[in-house]
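Structure first, then comments.
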Amino acid sequence: MRNLKNNDTFAVFDPNGDVLFADDSPQGIFHTDTRHLSGLYLTLNGARPLLLSSTLRDDNAMLTCDLTNPDLFDASGEKILHHDLIHLRRSRFLWKGSCYERLTLRNFDDSPQHLQLRIQFAADFKDLFEVRGARRPQRGEGHRAEITDEEVVLSYTGLDHKRRMTRLRFAPVPASLTCDSALFEVRLAPGESQSLFMDINCGVQNPPFTVRHGFFISLRDSRRELRTFSSRAASVVTSHDVFNEAVSRSVSDLYMLMTKTREGLYPYAGIPWFSTVFGRDALITAWEMLWFDPGIAKGVLGHLAANQATIVDPHADSEPGKILHEIRLGEMAELGEVPFRRYYGSIDSTPLFVMLAAAYLERTNDLGTLRQLWPNIEAALNWIEEYGDRDGDGFVEYGRQSAEGLINQGWKDSHDSVFHADGQLAVGPIAIVEVQAYVYGAWTGAAKIARRLGDPDRAQRLKYKAQRLREEFDSRFFDEELGTYVLALDGNKKPCRIRTSNAGHALFAGIAYPERAASVVSALMDRSSFSGWGVRTVASSQARYNPMSYHNGSVWPHDNALIAAGFAHYGFRQDAARIFEGLFAASTYIDLRRLPELFCGFARQRTQGPTFYPVACMPQAWAAAAPLSMIQSCLGLSFRPRKLNILFDEPVLPAFLDTIALRRLALGTESVDLMLRRSGKNVMIEVLNRQGPVRILSTS
C-alpha cells in the first residue's frame with residue numbers, strides 16, 4: 001500500500017496508484033473519518049498499465065507511480081501496440097482536503113499513437129468504522145451525480161443529515177465524462193509527452209485556481225509546510241547508510257502524521273485506522289520525540305488540556321479531569337453508533353499527561369506553558385484520586401461504564417490481553433501494572449512542577465504520595481518466583497502472574513526499586529521474552545501466548561522503546577542497545593525501512609526477516625518515533641536547560657553504529673552540533689559547532 005496524509009485527510013492506494021473496488025479494502029481517500037473516494041481505476045485502451053515502480057518522496061510530500069502499457073490489441077485481436085512503448089507517470093499529493101494528480105504520458109514508439117485513457121471512480125461515503133467491518137442496519141441516501149464538461153460531483157446525505165460531497169475536476173476537458181468515469185483521447189507524436197490533471201476534492205472549499213494551476217500552487221505550499229514542520233527539529237546522520245534511510249523515513253512519517261490544531265502540531269496515531277486524535281499515542285510519541293523536537297509535546301499537552309473532560313458521561317467513559325482517548329468525526333460517531341465521538345476510555349492517558357508535562361519542563365524550562373497547564377494538571381491529579389482509584393486501595397483501576405466501551409483500557413486494549421496464569425481472563429476492575437508506574441511518574445513529576453511554580457508544600461505532599469505508592473506497588477506487584485512484576489491485579493485483587501512486556505514500563509516510569517531492576521531486565525531479555533527482533537508482549541512460556549496475536553506475543557516498536565528507556569534509566573544501556581539492534585534489523589526487511597505498528601513475535605532466524613502482522617498500521621506515529629527514543633536511551637542524553645547543559649551519561653553505541661552526528665540539538669534559542677564516535681569500549685564526543693554558551697557534559 002502507498003499512504004499519503006495532510007491534516008484530516010489521508011489516502012491509501014495500491015502500488016499502481018489505483019483504489020481498487022472492494023468492500024473489505026482499506027484503500028480510498030478519507031476525510032474526517034469518511035471515505036470520499038472508494039474506487040479509482042486507470043486503463044489504457046481498456047487494459048490496466050503495468051507497474052514499473054512506485055515510491056514516496058523522502059519527505060512523503062508526493063507519491064510517484066511509473067507505469068507502462070502492456071501489449072494492446074484492437075477489437076479483432078490484432079496487436080496494435082507493443083508493450084513498454086508508452087510511459088505513464090502519476091504524481092500525486094494531498095493538500096487542504098484535496099488529492100491532486102498530474103498524469104504524464106510519453107510516446108517512446110517511432111510512430112504516432114492514438115490512445116484512450118479512462119479513469120473510473122466511485123464514492124461510497126462509508127464511515128471509517130464501516131470500512132473496518134462494522135455493519136449498519138441503515139445508511140443515508142446517495143444522490144445523482146452532478147456533471148458538467150470538466151467536473152462531476154458525487155454526494156451523500158447521512159443519517160446525521162449532513163451532506164458529504166466529492167468533487168472531481170479534470171484538465172483538459174475529458175472527451176466524455178459520466179457519473180463514474182472520465183475518458184480522454186490522447187494523441188502523441190513520436191517522443192511527445194502530454195499531461196493531464198485531476199483534483200479530487202473532499203467537499204472543502206475549492207481553491208480559486210484552475211485544475212492545472214492548482215496542482216503547482218498546492219504542491220509548492222504542501223512542500224513548504226512539511227519543510228517548516230521538520231526544520232525546527234534536530235537531525236541525525238550516522239555511519240550506517242541503511243539506518244540513515246530508516247531514521248529519515250521515521251522523521252518524514254512523523255511530520256506527515258502531524259496535524260495543525262489551535263494549540264500546535266499534534267501527531268495523529270496512524271494510517272489507515274487511527275488517523276485521528278488519540279491521547280495515549282500522542283503523549284507517548286511526543287515523549288519519544290522530546291529530545292528531538294520539544295515543540296510537539298507543547299502542542300500535544302495544549303490540545304489535550306483543551307479537550308480534558310469536565311463532566312461525568314458513562315457513554316463516553318468521561319469523568320472530570322480525565323484526558324482524552326480518541327476523537328472521531330464521522331457519521332457513526334455523530335449518531336452515537338460508536339462511542340468514540342469524544343471518548344475517554346483509556347486508563348493511562350491521564351497520568352501520562354502529567355508525566356509528559358513534567359518531562360517537557362525538564363527539557364525546555366518553559367515555566368510559562370506549565371503555569372497555563374497547571375489547572376489541567378491539578379484536575380488530572382484529582383481524577384487519579386477521586387475516580388481512578390475506585391476502591392481506595394491506592395491503585396488506579398479501570399472498568400468500562402457502558403457496554404459499547406473498551407473492555408481493557410490500558411495500551412493493550414484487546415479483549416483478551418489481561419489474564420491469569422491458567423489463561424482465564426481477568427475480571428475487573430483491573431489495576432494494570434504500567435498504569436501504577438505512570439501514576440507514580442505523575443506524582444513525582446507534578447511534585448517537581450509544583451516546586452518550580454513556587455509551591456513547596458504541595459510538592460512535598462505529592463512526593464509523599466509517590467513514596468507510598470512505590471512501597472505498596474513493590475509489595476503487591478513484584479513476584480519473586482516470576483522474577484518480575486505481575487501483569488495486573490484483578491477485581492478480587494488476585495495477581496495475574498504472567499510475564500509480559502508491561503513490566504518494563506515500571507522501569508520506564510522509575511517506580512521500580514533499584515534492587516529489582518536486574519531481575520526485571522533479565523526476565524525481559526530471556527529467550528522466552530526477547531525474540532531477537534524485540535521484546536514480546538507476552539513471553540512464549542505463558543498461557544495465551546500467540547506470536548500472531550495483536551497483544552499476546554507480538555512485538556511492538558513503541559513498547560520496546562519505552563522498555564529500552566527503562567533499561568537505560570537503571571543503567572542497563574547495553575541491553576537497551578540490543579533491543580535497538582533488533583528493531584533496526586527488522587526495519588531492514590520492511591518496505592521503505594518503515595517500522596510498522598507491530599509485527600509477529602516469532603523467534604529471529606538467520607537469513608530471514610520478521611513475520612509481518614497483516615493489518616498493522618504503517619506509518620504509526622509511536623512506532624516511527626521509536627528509533628529516535630532508542631538513540632536517546634543508548635546515549636544517556638538529557639538536558640539541563642537552566643544551566644545550558646547537555647548531558648551524556650555513560651553513552652553506548654549499538655553494534656551497527658560507529659558514529660552518530662546530532663545537528664541543531666537545541667536548548668532554547670541556543671544549539672550545538674555534535675559527533676559521537678566509538679573508541680574501543682568508550683564513546684567520544686566532539687563539538688562540531690556551537691551557537692551560544694551550551695556546555696556538553698559526559699560521564700563514563
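Each chain of the C-alpha cells is named A, B, ... in the order shown, its residues numbered from 1; ligands are numbered from 1 in display order.
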Give me the residues within 9 Å of Arg640 (chain A) as number ranges by chain, counting only C-alpha atoms and dropping any in the same chain fewer than 4 places off. A: 362-365, 644-647, 667
With a distance cut-off of 7 Å and only C-alpha atoms, select the neighbouring residues of Gly504 (chain A), excluding the residue or stretch itself and same-chain residues fewer than 3 positions from it, and output the selection as JSON, numbers by chain. {"A": [501, 507, 508, 563, 566]}
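Candidate residues A:Pro641, A:Gly410, A:Gly392, A:Gly279 were compared for distance to Val435 (chain A), and the nearest is A:Gly410, using only C-alpha atoms.
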If you count only C-alpha atoms, which residues fall within 9 Å of Arg232 (chain A), apart from same-chain ones fewer than 4 positions away, as a JSON list (two decimals) with C-alpha atoms, in the first residue's frame?
[["chain", "number", "residue", "atom", "x", "y", "z"],
["A", 227, "ARG", "CA", 9.83, 21.82, 5.49],
["A", 228, "THR", "CA", 8.54, 24.25, 8.10],
["A", 293, "ASP", "CA", 11.59, 18.38, 18.85],
["A", 295, "GLY", "CA", 7.54, 21.69, 20.40],
["A", 664, "ARG", "CA", 20.75, 21.51, 15.66]]
Among listed residues A:Ala297, A:Ile311, A:Leu50, A:Cys202, nearest Tyr387 (chain A) (using only C-alpha atoms): A:Ile311
Selection: 9 Å around Leu115 (chain A), only C-alpha atoms, excl. self and same-chain fewer than 5 positions, as a PyMOL selection string: chain A and resi 44-45+184-188
Keeping N, CA and C atoms for every residue in the selection just given, could you write it to a file as a PDB file, in the first residue's frame?
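So selection01.pdb came out as:
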ATOM      1  N   LEU A  44      -5.678   1.959 -20.087  1.00  0.00           N
ATOM      2  CA  LEU A  44      -5.187   2.495 -21.353  1.00  0.00           C
ATOM      3  C   LEU A  44      -5.662   1.558 -22.453  1.00  0.00           C
ATOM      4  N   ASN A  45      -6.531   2.078 -23.321  1.00  0.00           N
ATOM      5  CA  ASN A  45      -7.163   1.248 -24.343  1.00  0.00           C
ATOM      6  C   ASN A  45      -7.807   0.010 -23.717  1.00  0.00           C
ATOM      7  N   PHE A 184     -10.348  10.175 -21.915  1.00  0.00           N
ATOM      8  CA  PHE A 184      -9.505  11.134 -22.620  1.00  0.00           C
ATOM      9  C   PHE A 184      -9.001  10.489 -23.908  1.00  0.00           C
ATOM     10  N   GLU A 185      -9.082  11.241 -24.998  1.00  0.00           N
ATOM     11  CA  GLU A 185      -8.475  10.846 -26.267  1.00  0.00           C
ATOM     12  C   GLU A 185      -7.106  11.518 -26.346  1.00  0.00           C
ATOM     13  N   VAL A 186      -6.048  10.704 -26.355  1.00  0.00           N
ATOM     14  CA  VAL A 186      -4.690  11.244 -26.281  1.00  0.00           C
ATOM     15  C   VAL A 186      -3.961  10.888 -27.569  1.00  0.00           C
ATOM     16  N   ARG A 187      -3.486  11.915 -28.258  1.00  0.00           N
ATOM     17  CA  ARG A 187      -2.694  11.716 -29.478  1.00  0.00           C
ATOM     18  C   ARG A 187      -1.271  12.178 -29.216  1.00  0.00           C
ATOM     19  N   LEU A 188      -0.323  11.267 -29.457  1.00  0.00           N
ATOM     20  CA  LEU A 188       1.070  11.554 -29.163  1.00  0.00           C
ATOM     21  C   LEU A 188       1.932  11.257 -30.382  1.00  0.00           C
TER      22      LEU A 188
END
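Minimum atom-to-atom distance to Thr32 (chain A), evaluated using only C-alpha atoms, belongs to A:Ser275 out of A:Arg139, A:Pro190, A:Ser275, A:Arg57.
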Contact residues around Leu154 (chain A) with only C-alpha atoms at 12 Å, ignoring same-chain residues under 3 positions, as a PyMOL selection string: chain A and resi 36-38+121-125+141-147+151+157+163-169+178-181+200-203
Excluding Arg132 (chain A) and residues on its chain fewer than 2 positions from it, collect all residues at most 8 Å away from it, counting only C-alpha atoms, and give them as a PyMOL selection string. chain A and resi 24+26+128-130+134+273
Can you check which residues of region 37-279 of chain A DSSP gives as strand (DSSP E) on the backbone and send them as a PyMOL selection string? chain A and resi 37+39-44+50-56+63-68+72-73+79-81+86-95+98-107+113-122+141-142+146-147+151-157+163-171+176-177+181-188+193-201+235-238+258-261+264-267
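You can rank A:Ile86, A:Leu301, A:Met332, A:Leu51 by their closest distance to Gly158 (chain A) using only C-alpha atoms, and at the top of that list sits A:Met332.
Counting only C-alpha atoms and comparing A:Phe567, A:Phe229, A:Phe274, A:Phe93, the residue that lies closest to Phe216 (chain A) is A:Phe93.
Distances from A:Ser402, A:Asp658, A:Ile511, A:Val433 to Arg468 (chain A) were compared using only C-alpha atoms, and the smallest one belongs to A:Ile511.
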Set the distance at 9 Å and use only C-alpha atoms: which residues neighbour Pro596 (chain A) once local chain neighbours fewer than 6 positions away are removed? I'd like the list as a PyMOL selection string. chain A and resi 556-557+587+590+612-613+616-620+623-624
When DSSP is applied to the backbone of this structure, which of region 188-294 of chain A are assigned alpha helix (DSSP H)? Write them out as a short mmCIF file (atom, residue, chain, number, x, y, z; two decimals) with C-alpha atoms, in the first residue's frame.
data_model
loop_
_atom_site.label_atom_id
_atom_site.label_comp_id
_atom_site.auth_asym_id
_atom_site.auth_seq_id
_atom_site.Cartn_x
_atom_site.Cartn_y
_atom_site.Cartn_z
CA VAL A 211 -7.02 22.43 -12.03
CA ARG A 212 -3.59 22.74 -13.63
CA HIS A 213 -2.61 25.88 -11.74
CA GLY A 214 -3.96 24.45 -8.50
CA PHE A 215 -1.66 21.44 -8.82
CA PHE A 216 1.52 23.53 -8.90
CA ILE A 217 0.45 26.12 -6.31
CA SER A 218 -0.71 23.43 -3.88
CA LEU A 219 2.43 21.35 -4.44
CA ARG A 220 4.59 24.34 -3.57
CA ASP A 221 2.57 25.09 -0.43
CA SER A 222 2.48 21.49 0.79
CA ARG A 223 6.24 21.05 0.44
CA ARG A 224 6.82 24.37 2.15
CA GLU A 225 4.67 23.32 5.10
CA LEU A 226 6.48 20.00 5.53
CA ARG A 227 9.83 21.82 5.49
CA THR A 228 8.54 24.25 8.10
CA PHE A 229 7.34 21.41 10.33
CA SER A 230 10.61 19.50 10.27
CA SER A 231 13.12 22.38 10.11
CA ASP A 241 23.58 4.27 5.35
CA VAL A 242 20.60 1.94 5.80
CA PHE A 243 19.92 3.26 9.29
CA ASN A 244 20.11 6.77 7.88
CA GLU A 245 17.35 5.79 5.47
CA ALA A 246 15.32 4.30 8.32
CA VAL A 247 15.60 7.32 10.59
CA SER A 248 14.92 9.67 7.68
CA ARG A 249 11.74 7.75 6.89
CA SER A 250 10.74 7.82 10.55
CA VAL A 251 11.12 11.58 10.71
CA SER A 252 9.24 12.08 7.43
CA ASP A 253 6.42 9.83 8.63
CA LEU A 254 6.16 11.69 11.91
CA TYR A 255 5.81 15.09 10.27
CA MET A 256 3.38 13.71 7.68
CA LEU A 257 1.24 12.47 10.58
CA GLY A 279 -4.42 10.75 23.69
CA ARG A 280 -2.17 7.88 24.71
CA ASP A 281 -0.48 7.55 21.32
CA ALA A 282 0.30 11.24 21.01
CA LEU A 283 1.58 11.51 24.58
CA ILE A 284 4.00 8.63 24.05
CA THR A 285 5.02 9.86 20.59
CA ALA A 286 5.71 13.34 21.98
CA TRP A 287 7.77 11.82 24.79
CA GLU A 288 9.80 9.73 22.31
#
Interatomic distance, CA of Leu524 (chain A) to CA of Val439 (chain A) (Å, one decimal): 22.2 Å
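Taking CA of Leu487 (chain A) and CA of Ile432 (chain A) as endpoints, the distance between them is 6.2 Å.
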